[in-house]
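Have a look at target_5.pdb; it's PDB, C-alpha atoms, pLDDT in the B column:
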ATOM      1  CA  MET A  82      34.037  23.631  38.106  1.00 50.00           C
ATOM      2  CA  ASP A  83      31.523  25.388  35.877  1.00 72.00           C
ATOM      3  CA  SER A  84      32.007  24.273  32.243  1.00 77.00           C
ATOM      4  CA  LEU A  85      32.345  27.851  30.967  1.00 79.00           C
ATOM      5  CA  LEU A  86      34.877  28.707  33.670  1.00 80.00           C
ATOM      6  CA  ASN A  87      36.768  25.514  32.910  1.00 83.00           C
ATOM      7  CA  GLU A  88      37.078  26.542  29.260  1.00 84.00           C
ATOM      8  CA  ILE A  89      38.310  30.026  30.203  1.00 83.00           C
ATOM      9  CA  VAL A  90      40.942  28.593  32.569  1.00 85.00           C
ATOM     10  CA  LYS A  91      42.379  26.570  29.680  1.00 84.00           C
ATOM     11  CA  ARG A  92      42.832  29.660  27.503  1.00 84.00           C
ATOM     12  CA  PRO A  93      46.461  30.785  26.959  1.00 86.00           C
ATOM     13  CA  ASN A  94      45.396  34.422  27.419  1.00 86.00           C
ATOM     14  CA  LEU A  95      43.832  33.762  30.829  1.00 85.00           C
ATOM     15  CA  SER A  96      45.737  36.589  32.519  1.00 87.00           C
ATOM     16  CA  SER A  97      44.497  39.185  30.018  1.00 89.00           C
ATOM     17  CA  ILE A  98      40.925  37.891  30.373  1.00 87.00           C
ATOM     18  CA  VAL A  99      41.156  38.215  34.163  1.00 88.00           C
ATOM     19  CA  LYS A 100      42.550  41.744  33.826  1.00 90.00           C
ATOM     20  CA  GLU A 101      39.752  42.745  31.475  1.00 89.00           C
ATOM     21  CA  LEU A 102      37.119  41.301  33.815  1.00 89.00           C
ATOM     22  CA  GLN A 103      38.606  43.193  36.757  1.00 90.00           C
ATOM     23  CA  GLU A 104      38.473  46.439  34.778  1.00 92.00           C
ATOM     24  CA  MET A 105      34.853  45.747  33.833  1.00 92.00           C
ATOM     25  CA  LEU A 106      33.906  45.110  37.464  1.00 92.00           C
ATOM     26  CA  GLU A 107      35.624  48.301  38.611  1.00 93.00           C
ATOM     27  CA  GLU A 108      33.734  50.293  36.002  1.00 94.00           C
ATOM     28  CA  GLU A 109      30.509  48.615  37.111  1.00 93.00           C
ATOM     29  CA  LYS A 110      31.190  49.566  40.747  1.00 94.00           C
ATOM     30  CA  LYS A 111      31.681  53.180  39.634  1.00 95.00           C
ATOM     31  CA  LEU A 112      28.381  53.114  37.757  1.00 95.00           C
ATOM     32  CA  ARG A 113      26.594  51.706  40.794  1.00 95.00           C
ATOM     33  CA  ARG A 114      27.949  54.507  43.005  1.00 95.00           C
ATOM     34  CA  GLU A 115      26.645  57.026  40.461  1.00 95.00           C
ATOM     35  CA  PHE A 116      23.325  55.180  40.447  1.00 94.00           C
ATOM     36  CA  TYR A 117      22.975  55.584  44.222  1.00 93.00           C
ATOM     37  CA  ASN A 118      23.823  59.271  43.977  1.00 93.00           C
ATOM     38  CA  THR A 119      21.212  60.044  41.323  1.00 92.00           C
ATOM     39  CA  ILE A 120      18.123  58.003  42.268  1.00 90.00           C
ATOM     40  CA  THR A 121      15.347  59.507  44.367  1.00 86.00           C
ATOM     41  CA  GLU A 122      12.728  58.045  46.698  1.00 84.00           C
ATOM     42  CA  ASP A 123      10.135  58.476  43.947  1.00 82.00           C
ATOM     43  CA  ASP A 124      11.981  56.249  41.464  1.00 86.00           C
ATOM     44  CA  LYS A 125      11.131  52.612  40.876  1.00 87.00           C
ATOM     45  CA  VAL A 126      14.508  51.536  39.572  1.00 93.00           C
ATOM     46  CA  GLU A 127      17.069  48.741  39.864  1.00 96.00           C
ATOM     47  CA  PHE A 128      20.744  48.262  39.004  1.00 96.00           C
ATOM     48  CA  ILE A 129      21.313  44.945  37.219  1.00 96.00           C
ATOM     49  CA  ASN A 130      24.571  43.806  35.609  1.00 94.00           C
ATOM     50  CA  GLY A 131      25.802  47.356  35.167  1.00 93.00           C
ATOM     51  CA  GLU A 132      22.548  48.715  33.754  1.00 94.00           C
ATOM     52  CA  VAL A 133      19.929  50.974  35.289  1.00 94.00           C
ATOM     53  CA  ILE A 134      16.498  49.383  34.848  1.00 93.00           C
ATOM     54  CA  MET A 135      13.562  51.779  35.101  1.00 90.00           C
ATOM     55  CA  HIS A 136      10.140  50.297  35.871  1.00 87.00           C
ATOM     56  CA  SER A 137       6.863  51.732  34.649  1.00 85.00           C
ATOM     57  CA  PRO A 138       3.790  52.142  36.909  1.00 85.00           C
ATOM     58  CA  VAL A 139       2.126  48.810  37.676  1.00 87.00           C
ATOM     59  CA  ARG A 140      -1.213  47.660  36.319  1.00 91.00           C
ATOM     60  CA  ARG A 141      -4.201  47.497  38.635  1.00 94.00           C
ATOM     61  CA  ILE A 142      -4.149  43.693  38.825  1.00 95.00           C
ATOM     62  CA  HIS A 143      -0.505  43.801  39.924  1.00 95.00           C
ATOM     63  CA  GLY A 144      -1.164  46.487  42.532  1.00 94.00           C
ATOM     64  CA  MET A 145      -4.187  44.745  44.028  1.00 96.00           C
ATOM     65  CA  THR A 146      -2.332  41.442  44.306  1.00 97.00           C
ATOM     66  CA  MET A 147       0.492  43.168  46.139  1.00 96.00           C
ATOM     67  CA  ILE A 148      -1.933  44.859  48.536  1.00 97.00           C
ATOM     68  CA  TYR A 149      -3.658  41.559  49.337  1.00 97.00           C
ATOM     69  CA  LEU A 150      -0.359  39.793  50.054  1.00 98.00           C
ATOM     70  CA  VAL A 151       1.097  42.645  52.094  1.00 97.00           C
ATOM     71  CA  LYS A 152      -2.063  42.773  54.228  1.00 96.00           C
ATOM     72  CA  LEU A 153      -1.803  39.119  55.126  1.00 97.00           C
ATOM     73  CA  ILE A 154       1.934  38.877  55.621  1.00 97.00           C
ATOM     74  CA  SER A 155       2.456  42.171  57.471  1.00 96.00           C
ATOM     75  CA  THR A 156      -0.476  41.405  59.810  1.00 95.00           C
ATOM     76  CA  PHE A 157       1.028  38.019  60.667  1.00 96.00           C
ATOM     77  CA  VAL A 158       4.539  39.403  61.057  1.00 96.00           C
ATOM     78  CA  ASP A 159       3.386  42.250  63.321  1.00 95.00           C
ATOM     79  CA  GLU A 160       1.084  40.053  65.387  1.00 93.00           C
ATOM     80  CA  TYR A 161       3.907  37.674  66.267  1.00 93.00           C
ATOM     81  CA  ASN A 162       6.718  40.246  66.241  1.00 94.00           C
ATOM     82  CA  LEU A 163       8.721  38.309  63.657  1.00 96.00           C
ATOM     83  CA  GLY A 164      10.553  41.170  61.965  1.00 96.00           C
ATOM     84  CA  GLU A 165       9.750  43.616  59.160  1.00 96.00           C
ATOM     85  CA  THR A 166       7.742  43.515  55.949  1.00 97.00           C
ATOM     86  CA  ASP A 167       7.934  46.106  53.200  1.00 95.00           C
ATOM     87  CA  ALA A 168       6.660  46.588  49.665  1.00 92.00           C
ATOM     88  CA  GLU A 169       8.327  47.989  46.539  1.00 81.00           C
ATOM     89  CA  LYS A 170      10.598  50.640  48.020  1.00 85.00           C
ATOM     90  CA  ARG A 171      13.190  48.641  49.984  1.00 93.00           C
ATOM     91  CA  MET A 172      16.458  48.696  48.008  1.00 96.00           C
ATOM     92  CA  ILE A 173      18.306  45.407  48.381  1.00 97.00           C
ATOM     93  CA  GLU A 174      22.053  45.618  47.819  1.00 97.00           C
ATOM     94  CA  LEU A 175      23.637  42.320  46.793  1.00 97.00           C
ATOM     95  CA  SER A 176      27.268  41.793  45.827  1.00 95.00           C
ATOM     96  CA  ARG A 177      26.788  43.002  42.245  1.00 95.00           C
ATOM     97  CA  ASN A 178      23.187  44.071  41.755  1.00 97.00           C
ATOM     98  CA  SER A 179      20.663  46.288  43.539  1.00 97.00           C
ATOM     99  CA  TYR A 180      16.968  45.395  43.499  1.00 97.00           C
ATOM    100  CA  GLU A 181      13.637  46.726  44.734  1.00 96.00           C
ATOM    101  CA  PRO A 182      11.553  43.545  45.105  1.00 97.00           C
ATOM    102  CA  ASP A 183       7.765  43.777  45.291  1.00 97.00           C
ATOM    103  CA  ILE A 184       7.562  42.379  48.837  1.00 98.00           C
ATOM    104  CA  VAL A 185      10.316  41.583  51.324  1.00 98.00           C
ATOM    105  CA  PHE A 186      10.465  40.132  54.818  1.00 98.00           C
ATOM    106  CA  PHE A 187      13.417  40.360  57.216  1.00 98.00           C
ATOM    107  CA  LYS A 188      13.660  38.268  60.358  1.00 97.00           C
ATOM    108  CA  LYS A 189      14.004  40.106  63.645  1.00 94.00           C
ATOM    109  CA  GLU A 190      17.639  39.004  63.916  1.00 93.00           C
ATOM    110  CA  LYS A 191      18.431  41.213  60.914  1.00 94.00           C
ATOM    111  CA  THR A 192      16.127  44.124  61.649  1.00 94.00           C
ATOM    112  CA  ARG A 193      17.682  44.868  65.052  1.00 92.00           C
ATOM    113  CA  HIS A 194      20.726  46.151  63.150  1.00 91.00           C
ATOM    114  CA  PHE A 195      18.725  48.461  60.853  1.00 95.00           C
ATOM    115  CA  LYS A 196      18.852  52.237  61.286  1.00 94.00           C
ATOM    116  CA  ASP A 197      16.034  54.719  60.686  1.00 93.00           C
ATOM    117  CA  ASP A 198      17.909  56.561  57.924  1.00 92.00           C
ATOM    118  CA  GLN A 199      19.164  53.403  56.216  1.00 94.00           C
ATOM    119  CA  MET A 200      18.509  53.191  52.457  1.00 93.00           C
ATOM    120  CA  LEU A 201      20.362  50.028  51.399  1.00 95.00           C
ATOM    121  CA  PHE A 202      19.562  46.633  52.904  1.00 97.00           C
ATOM    122  CA  PRO A 203      21.011  43.100  52.878  1.00 97.00           C
ATOM    123  CA  ALA A 204      19.352  40.061  51.366  1.00 97.00           C
ATOM    124  CA  PRO A 205      15.898  39.466  52.940  1.00 98.00           C
ATOM    125  CA  ASP A 206      14.772  36.094  54.269  1.00 98.00           C
ATOM    126  CA  LEU A 207      11.681  36.022  52.029  1.00 98.00           C
ATOM    127  CA  ILE A 208      11.114  37.763  48.698  1.00 98.00           C
ATOM    128  CA  ILE A 209       7.912  37.874  46.672  1.00 98.00           C
ATOM    129  CA  GLU A 210       7.961  39.086  43.069  1.00 98.00           C
ATOM    130  CA  ILE A 211       4.684  39.730  41.264  1.00 97.00           C
ATOM    131  CA  LEU A 212       5.018  39.121  37.547  1.00 96.00           C
ATOM    132  CA  SER A 213       4.304  41.702  34.881  1.00 91.00           C
ATOM    133  CA  PRO A 214       5.029  41.484  31.135  1.00 88.00           C
ATOM    134  CA  GLY A 215       8.078  43.708  31.526  1.00 87.00           C
ATOM    135  CA  THR A 216       9.641  41.946  34.518  1.00 91.00           C
ATOM    136  CA  GLU A 217       8.935  38.224  34.124  1.00 94.00           C
ATOM    137  CA  LYS A 218      12.209  37.453  32.355  1.00 95.00           C
ATOM    138  CA  ILE A 219      14.187  39.219  35.087  1.00 96.00           C
ATOM    139  CA  ASP A 220      12.160  37.663  37.943  1.00 97.00           C
ATOM    140  CA  ARG A 221      12.662  34.163  36.555  1.00 97.00           C
ATOM    141  CA  GLY A 222      16.220  34.771  35.405  1.00 97.00           C
ATOM    142  CA  ILE A 223      18.865  36.919  37.078  1.00 97.00           C
ATOM    143  CA  LYS A 224      16.812  37.528  40.238  1.00 98.00           C
ATOM    144  CA  TYR A 225      16.062  33.838  40.702  1.00 98.00           C
ATOM    145  CA  GLU A 226      19.778  33.052  40.439  1.00 97.00           C
ATOM    146  CA  ASP A 227      20.951  36.048  42.479  1.00 98.00           C
ATOM    147  CA  TYR A 228      18.492  35.578  45.340  1.00 98.00           C
ATOM    148  CA  ALA A 229      19.587  31.956  45.730  1.00 98.00           C
ATOM    149  CA  LEU A 230      23.262  32.925  45.554  1.00 97.00           C
ATOM    150  CA  HIS A 231      22.789  35.406  48.424  1.00 98.00           C
ATOM    151  CA  GLY A 232      20.869  33.074  50.717  1.00 97.00           C
ATOM    152  CA  VAL A 233      17.269  34.272  50.358  1.00 98.00           C
ATOM    153  CA  GLU A 234      15.608  31.291  52.038  1.00 98.00           C
ATOM    154  CA  GLU A 235      12.232  31.534  50.329  1.00 98.00           C
ATOM    155  CA  TYR A 236      11.165  33.029  47.001  1.00 98.00           C
ATOM    156  CA  TRP A 237       7.626  33.351  45.691  1.00 98.00           C
ATOM    157  CA  ILE A 238       6.812  34.135  42.071  1.00 98.00           C
ATOM    158  CA  VAL A 239       3.212  35.325  41.833  1.00 98.00           C
ATOM    159  CA  ASP A 240       1.370  35.525  38.519  1.00 97.00           C
ATOM    160  CA  PRO A 241      -1.693  37.789  38.897  1.00 96.00           C
ATOM    161  CA  LYS A 242      -2.899  37.046  35.378  1.00 95.00           C
ATOM    162  CA  ARG A 243      -2.948  33.265  35.778  1.00 96.00           C
ATOM    163  CA  LYS A 244      -3.636  33.596  39.522  1.00 96.00           C
ATOM    164  CA  THR A 245      -0.865  31.191  40.454  1.00 97.00           C
ATOM    165  CA  ILE A 246       1.861  31.161  43.088  1.00 98.00           C
ATOM    166  CA  GLU A 247       5.194  29.363  42.845  1.00 98.00           C
ATOM    167  CA  GLN A 248       7.055  28.826  46.108  1.00 98.00           C
ATOM    168  CA  TYR A 249      10.777  28.051  46.012  1.00 98.00           C
ATOM    169  CA  LEU A 250      12.804  27.007  49.046  1.00 98.00           C
ATOM    170  CA  LEU A 251      16.583  27.257  49.244  1.00 98.00           C
ATOM    171  CA  LYS A 252      18.257  23.892  49.704  1.00 97.00           C
ATOM    172  CA  ARG A 253      22.021  23.445  49.401  1.00 94.00           C
ATOM    173  CA  GLY A 254      22.346  26.759  47.610  1.00 94.00           C
ATOM    174  CA  LYS A 255      19.662  26.080  44.998  1.00 96.00           C
ATOM    175  CA  TYR A 256      15.944  26.708  44.799  1.00 98.00           C
ATOM    176  CA  ILE A 257      13.635  23.721  44.900  1.00 98.00           C
ATOM    177  CA  LEU A 258      10.003  24.129  43.845  1.00 98.00           C
ATOM    178  CA  GLU A 259       7.912  23.445  46.955  1.00 97.00           C
ATOM    179  CA  PHE A 260       4.483  24.549  45.741  1.00 96.00           C
ATOM    180  CA  MET A 261       2.900  25.657  42.484  1.00 96.00           C
ATOM    181  CA  GLY A 262      -0.722  26.242  41.632  1.00 92.00           C
ATOM    182  CA  ALA A 263      -3.858  28.340  41.558  1.00 90.00           C
ATOM    183  CA  ASN A 264      -5.687  26.301  44.195  1.00 91.00           C
ATOM    184  CA  GLY A 265      -4.498  25.019  47.514  1.00 93.00           C
ATOM    185  CA  VAL A 266      -2.807  26.119  50.694  1.00 95.00           C
ATOM    186  CA  ILE A 267       0.713  27.504  50.658  1.00 96.00           C
ATOM    187  CA  THR A 268       2.718  27.240  53.887  1.00 96.00           C
ATOM    188  CA  SER A 269       5.751  29.412  54.438  1.00 97.00           C
ATOM    189  CA  LYS A 270       8.986  27.982  55.769  1.00 97.00           C
ATOM    190  CA  VAL A 271      10.423  31.340  56.787  1.00 97.00           C
ATOM    191  CA  LEU A 272       7.210  32.698  58.342  1.00 96.00           C
ATOM    192  CA  LYS A 273       6.698  29.949  60.888  1.00 92.00           C
ATOM    193  CA  GLY A 274       2.997  29.162  61.265  1.00 92.00           C
ATOM    194  CA  PHE A 275       1.868  31.188  58.249  1.00 95.00           C
ATOM    195  CA  SER A 276      -0.447  29.473  55.759  1.00 95.00           C
ATOM    196  CA  MET A 277      -2.886  30.882  53.228  1.00 95.00           C
ATOM    197  CA  ASN A 278      -5.162  29.770  50.456  1.00 95.00           C
ATOM    198  CA  THR A 279      -3.671  30.946  47.166  1.00 97.00           C
ATOM    199  CA  LYS A 280      -7.000  32.552  46.233  1.00 96.00           C
ATOM    200  CA  ALA A 281      -6.474  35.079  49.038  1.00 97.00           C
ATOM    201  CA  ALA A 282      -3.773  36.713  46.913  1.00 97.00           C
ATOM    202  CA  PHE A 283      -6.173  37.500  44.082  1.00 97.00           C
ATOM    203  CA  ASN A 284      -9.697  37.838  45.459  1.00 96.00           C
ATOM    204  CA  LYS A 285     -10.971  40.464  47.910  1.00 96.00           C
ATOM    205  CA  LYS A 286     -13.473  38.223  49.688  1.00 96.00           C
ATOM    206  CA  GLU A 287     -10.959  35.397  50.009  1.00 96.00           C
ATOM    207  CA  ASN A 288      -8.392  37.870  51.292  1.00 96.00           C
ATOM    208  CA  ILE A 289     -10.724  39.152  54.009  1.00 96.00           C
ATOM    209  CA  LYS A 290     -11.570  35.577  54.953  1.00 95.00           C
ATOM    210  CA  ALA A 291      -7.883  34.664  55.203  1.00 94.00           C
ATOM    211  CA  LEU A 292      -7.170  37.776  57.238  1.00 93.00           C
ATOM    212  CA  GLN A 293      -9.933  36.894  59.674  1.00 91.00           C
ATOM    213  CA  GLU A 294      -8.523  33.383  60.031  1.00 89.00           C
ATOM    214  CA  LEU A 295      -5.095  34.807  60.833  1.00 85.00           C
ATOM    215  CA  MET A 296      -6.530  37.045  63.514  1.00 80.00           C
ATOM    216  CA  LYS A 297      -8.322  34.111  65.166  1.00 77.00           C
ATOM    217  CA  ASN A 298      -5.140  32.098  65.620  1.00 67.00           C
TER     218      ASN A 298
END

Take the structure in the file and write it out as structure tokens.
Amino acid sequence: MDSLLNEIVKRPNLSSIVKELQEMLEEEKKLRREFYNTITEDDKVEFINGEVIMHSPVRRIHGMTMIYLVKLISTFVDEYNLGETDAEKRMIELSRNSYEPDIVFFKKEKTRHFKDDQMLFPAPDLIIEILSPGTEKIDRGIKYEDYALHGVEEYWIVDPKRKTIEQYLLKRGKYILEFMGANGVITSKVLKGFSMNTKAAFNKKENIKALQELMKN
């Protein structure tokens, strides 16, 4: 049992604590329903622990990194009919929080149940978050924990400033660091057969080269 939970269970006022937590969760559910009713397709916004988190426009370095990665991954996914890839605007609804990750991939087994007018989606199989000064704490904190809790098999944290990629794989409910660095080849577990030089995420020439290699295979 979690040490904090163990301490709470020992409290003589346990029943009142449970009641208060239930009331808090009900209020949070109400706020999330209001959140869904007020957001628009133009908003870049997330619902985290009862709070609405608005995101500012991304910097050029962030946007270019996302474009490079989406090019490579979506080309591979489409070529081999593996499922669906999307960037920024796919709202992921987990048990408590709602996120719009930078890049998501869903296996074909999940996508066959999707509808054209669907706006809320289950946990993806692969998530990539590109760090920015305003999101790093969230990407390495609550999202890291929440994605693992909801079975996201593979999680990449990409730092466009340092030009590094961290690859985490889900093992026994926890993320294990599989790869980290600015140089080298990263191989996806979820995207079977997909490998890329990390430089392809940050450099136009390297990206074109990696794209050409994918098309040859």

- Item | Option closest in space to A:Gln293, from A:Ile238, A:Leu153, A:Ile223, A:Ile246 [counting all atoms listed in the file] | A:Leu153

Pull out every residue that the PyMOL selection byres ((chain A and resi 259) around 7) matches in the shown coordinates and put them as a compact mmCIF listing (two decimals) with C-alpha atoms, in the coordinates of the input.
# COMPACT_ATOMS: atom_id res chain seq x y z
CA GLN A 248 7.06 28.83 46.11
CA TYR A 249 10.78 28.05 46.01
CA LEU A 250 12.80 27.01 49.05
CA ILE A 257 13.64 23.72 44.90
CA LEU A 258 10.00 24.13 43.84
CA PHE A 260 4.48 24.55 45.74

- I would like the residues chosen by the PyMOL selection byres ((chain A and resi 281) around 10) on the shown file; could you give them as an MDAnalysis selection string? chainID A and resid 146 149:150 153 266 277:280 282:292

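Listed by chain and then by number, the residues chosen by the PyMOL selection byres ((chain A and resi 189) around 6) in this file are Leu163, Gly164, Lys188, Glu190, Lys191 and Thr192 of chain A.
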
- Task: Step by step: start from the point (23.6, 54.7, 37.9) in the file's coordinates, keep every protein, DNA or RNA residue that has an atom no farther than 10 Å from it, count all atoms listed in the file, and write the set as a PyMOL selection string.
- Result: chain A and resi 109-120+126-128+131-134

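Interatomic distance, atom CA of A:Tyr236 against atom CA of A:Arg171: 16.0 Å.
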
- Distance query 12 Å from (23.5, 33.4, 50.6) using all atoms listed in the file, result as a PyMOL selection string: chain A and resi 175-176+203-206+226-235+251-256

- Item | A:Met105, A:Ile142, A:Val151, A:Met172 ranked by distance to A:Lys125, top pick (using all atoms listed in the file) |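 Looking at the shortest contact to A:Lys125, the residue is A:Met172.
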
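Between A:Leu212 and the residues A:Val158, A:Val239, A:Leu102, A:Ile173, the shortest atom-to-atom distance, using all atoms listed in the file, involves A:Val239.
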
Determine the axis-aligned bounding box of all atoms of stretch 112-127 of chain A present in the file, pad each side by 3 Å, and express its centre and edge lengths in Å to one decimal place as AutoDock Vina command-line options.
--center_x 19.3 --center_y 54.4 --center_z 42.2 --size_x 24.2 --size_y 17.3 --size_z 14.9

- Message: Could you check the closest approach to A:Thr216 for each of A:Leu106, A:Lys152, A:Asp183, A:Leu95 and tell me which residue wins, using all atoms listed in the file?
- Response: A:Asp183

- Item | Distance of atom CA of A:Val139 from atom CA of A:Asp124, expressed in Å to one decimal place |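 Between these atoms lies a distance of 12.9 Å.
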
How about completing stretch 227-256 of chain A with N, CA and C atoms and giving it to me as a PDB file, in the frame of the given file?
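Below you can see result06.pdb, which holds the result:
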ATOM      1  N   ASP A 227      20.282  35.165  41.520  1.00 98.00           N
ATOM      2  CA  ASP A 227      20.951  36.048  42.479  1.00 98.00           C
ATOM      3  C   ASP A 227      20.404  35.883  43.889  1.00 98.00           C
ATOM      4  N   TYR A 228      19.094  35.754  44.020  1.00 98.00           N
ATOM      5  CA  TYR A 228      18.492  35.578  45.340  1.00 98.00           C
ATOM      6  C   TYR A 228      18.994  34.285  45.991  1.00 98.00           C
ATOM      7  N   ALA A 229      19.086  33.231  45.206  1.00 98.00           N
ATOM      8  CA  ALA A 229      19.587  31.956  45.730  1.00 98.00           C
ATOM      9  C   ALA A 229      21.054  32.087  46.134  1.00 98.00           C
ATOM     10  N   LEU A 230      21.835  32.751  45.304  1.00 97.00           N
ATOM     11  CA  LEU A 230      23.262  32.925  45.554  1.00 97.00           C
ATOM     12  C   LEU A 230      23.517  33.667  46.871  1.00 97.00           C
ATOM     13  N   HIS A 231      22.605  34.584  47.228  1.00 98.00           N
ATOM     14  CA  HIS A 231      22.789  35.406  48.424  1.00 98.00           C
ATOM     15  C   HIS A 231      21.952  34.929  49.616  1.00 98.00           C
ATOM     16  N   GLY A 232      21.462  33.702  49.544  1.00 97.00           N
ATOM     17  CA  GLY A 232      20.869  33.074  50.717  1.00 97.00           C
ATOM     18  C   GLY A 232      19.450  33.478  51.065  1.00 97.00           C
ATOM     19  N   VAL A 233      18.687  33.986  50.102  1.00 98.00           N
ATOM     20  CA  VAL A 233      17.269  34.272  50.358  1.00 98.00           C
ATOM     21  C   VAL A 233      16.565  32.925  50.514  1.00 98.00           C
ATOM     22  N   GLU A 234      16.090  32.636  51.713  1.00 98.00           N
ATOM     23  CA  GLU A 234      15.608  31.291  52.038  1.00 98.00           C
ATOM     24  C   GLU A 234      14.354  30.883  51.279  1.00 98.00           C
ATOM     25  N   GLU A 235      13.522  31.858  50.952  1.00 98.00           N
ATOM     26  CA  GLU A 235      12.232  31.534  50.329  1.00 98.00           C
ATOM     27  C   GLU A 235      11.896  32.597  49.273  1.00 98.00           C
ATOM     28  N   TYR A 236      11.457  32.127  48.113  1.00 98.00           N
ATOM     29  CA  TYR A 236      11.165  33.029  47.001  1.00 98.00           C
ATOM     30  C   TYR A 236       9.830  32.623  46.376  1.00 98.00           C
ATOM     31  N   TRP A 237       8.916  33.590  46.341  1.00 98.00           N
ATOM     32  CA  TRP A 237       7.626  33.351  45.691  1.00 98.00           C
ATOM     33  C   TRP A 237       7.573  34.123  44.378  1.00 98.00           C
ATOM     34  N   ILE A 238       7.104  33.471  43.345  1.00 98.00           N
ATOM     35  CA  ILE A 238       6.812  34.135  42.071  1.00 98.00           C
ATOM     36  C   ILE A 238       5.306  34.070  41.882  1.00 98.00           C
ATOM     37  N   VAL A 239       4.675  35.243  41.879  1.00 98.00           N
ATOM     38  CA  VAL A 239       3.212  35.325  41.833  1.00 98.00           C
ATOM     39  C   VAL A 239       2.782  35.852  40.472  1.00 98.00           C
ATOM     40  N   ASP A 240       1.876  35.129  39.835  1.00 97.00           N
ATOM     41  CA  ASP A 240       1.370  35.525  38.519  1.00 97.00           C
ATOM     42  C   ASP A 240      -0.081  35.978  38.668  1.00 97.00           C
ATOM     43  N   PRO A 241      -0.327  37.300  38.687  1.00 96.00           N
ATOM     44  CA  PRO A 241      -1.693  37.789  38.897  1.00 96.00           C
ATOM     45  C   PRO A 241      -2.631  37.513  37.728  1.00 96.00           C
ATOM     46  N   LYS A 242      -2.067  37.319  36.548  1.00 95.00           N
ATOM     47  CA  LYS A 242      -2.899  37.046  35.378  1.00 95.00           C
ATOM     48  C   LYS A 242      -3.432  35.613  35.418  1.00 95.00           C
ATOM     49  N   ARG A 243      -2.551  34.674  35.704  1.00 96.00           N
ATOM     50  CA  ARG A 243      -2.948  33.265  35.778  1.00 96.00           C
ATOM     51  C   ARG A 243      -3.442  32.888  37.179  1.00 96.00           C
ATOM     52  N   LYS A 244      -3.229  33.817  38.129  1.00 96.00           N
ATOM     53  CA  LYS A 244      -3.636  33.596  39.522  1.00 96.00           C
ATOM     54  C   LYS A 244      -2.957  32.359  40.121  1.00 96.00           C
ATOM     55  N   THR A 245      -1.646  32.304  39.922  1.00 97.00           N
ATOM     56  CA  THR A 245      -0.865  31.191  40.454  1.00 97.00           C
ATOM     57  C   THR A 245       0.269  31.713  41.338  1.00 97.00           C
ATOM     58  N   ILE A 246       0.711  30.850  42.243  1.00 98.00           N
ATOM     59  CA  ILE A 246       1.861  31.161  43.088  1.00 98.00           C
ATOM     60  C   ILE A 246       2.848  30.004  43.001  1.00 98.00           C
ATOM     61  N   GLU A 247       4.111  30.340  42.803  1.00 98.00           N
ATOM     62  CA  GLU A 247       5.194  29.363  42.845  1.00 98.00           C
ATOM     63  C   GLU A 247       6.025  29.665  44.084  1.00 98.00           C
ATOM     64  N   GLN A 248       6.271  28.665  44.884  1.00 98.00           N
ATOM     65  CA  GLN A 248       7.055  28.826  46.108  1.00 98.00           C
ATOM     66  C   GLN A 248       8.343  28.017  45.984  1.00 98.00           C
ATOM     67  N   TYR A 249       9.474  28.702  46.096  1.00 98.00           N
ATOM     68  CA  TYR A 249      10.777  28.051  46.012  1.00 98.00           C
ATOM     69  C   TYR A 249      11.482  28.148  47.358  1.00 98.00           C
ATOM     70  N   LEU A 250      12.048  27.044  47.799  1.00 98.00           N
ATOM     71  CA  LEU A 250      12.804  27.007  49.046  1.00 98.00           C
ATOM     72  C   LEU A 250      14.266  26.724  48.738  1.00 98.00           C
ATOM     73  N   LEU A 251      15.147  27.402  49.467  1.00 98.00           N
ATOM     74  CA  LEU A 251      16.583  27.257  49.244  1.00 98.00           C
ATOM     75  C   LEU A 251      17.104  26.003  49.950  1.00 98.00           C
ATOM     76  N   LYS A 252      17.680  25.111  49.160  1.00 97.00           N
ATOM     77  CA  LYS A 252      18.257  23.892  49.704  1.00 97.00           C
ATOM     78  C   LYS A 252      19.607  23.649  49.046  1.00 97.00           C
ATOM     79  N   ARG A 253      20.652  23.639  49.881  1.00 94.00           N
ATOM     80  CA  ARG A 253      22.021  23.445  49.401  1.00 94.00           C
ATOM     81  C   ARG A 253      22.376  24.450  48.306  1.00 94.00           C
ATOM     82  N   GLY A 254      21.969  25.685  48.510  1.00 94.00           N
ATOM     83  CA  GLY A 254      22.346  26.759  47.610  1.00 94.00           C
ATOM     84  C   GLY A 254      21.518  26.887  46.343  1.00 94.00           C
ATOM     85  N   LYS A 255      20.501  26.037  46.191  1.00 96.00           N
ATOM     86  CA  LYS A 255      19.662  26.080  44.998  1.00 96.00           C
ATOM     87  C   LYS A 255      18.188  26.075  45.387  1.00 96.00           C
ATOM     88  N   TYR A 256      17.380  26.683  44.535  1.00 98.00           N
ATOM     89  CA  TYR A 256      15.944  26.708  44.799  1.00 98.00           C
ATOM     90  C   TYR A 256      15.273  25.421  44.327  1.00 98.00           C
TER      91      TYR A 256
END
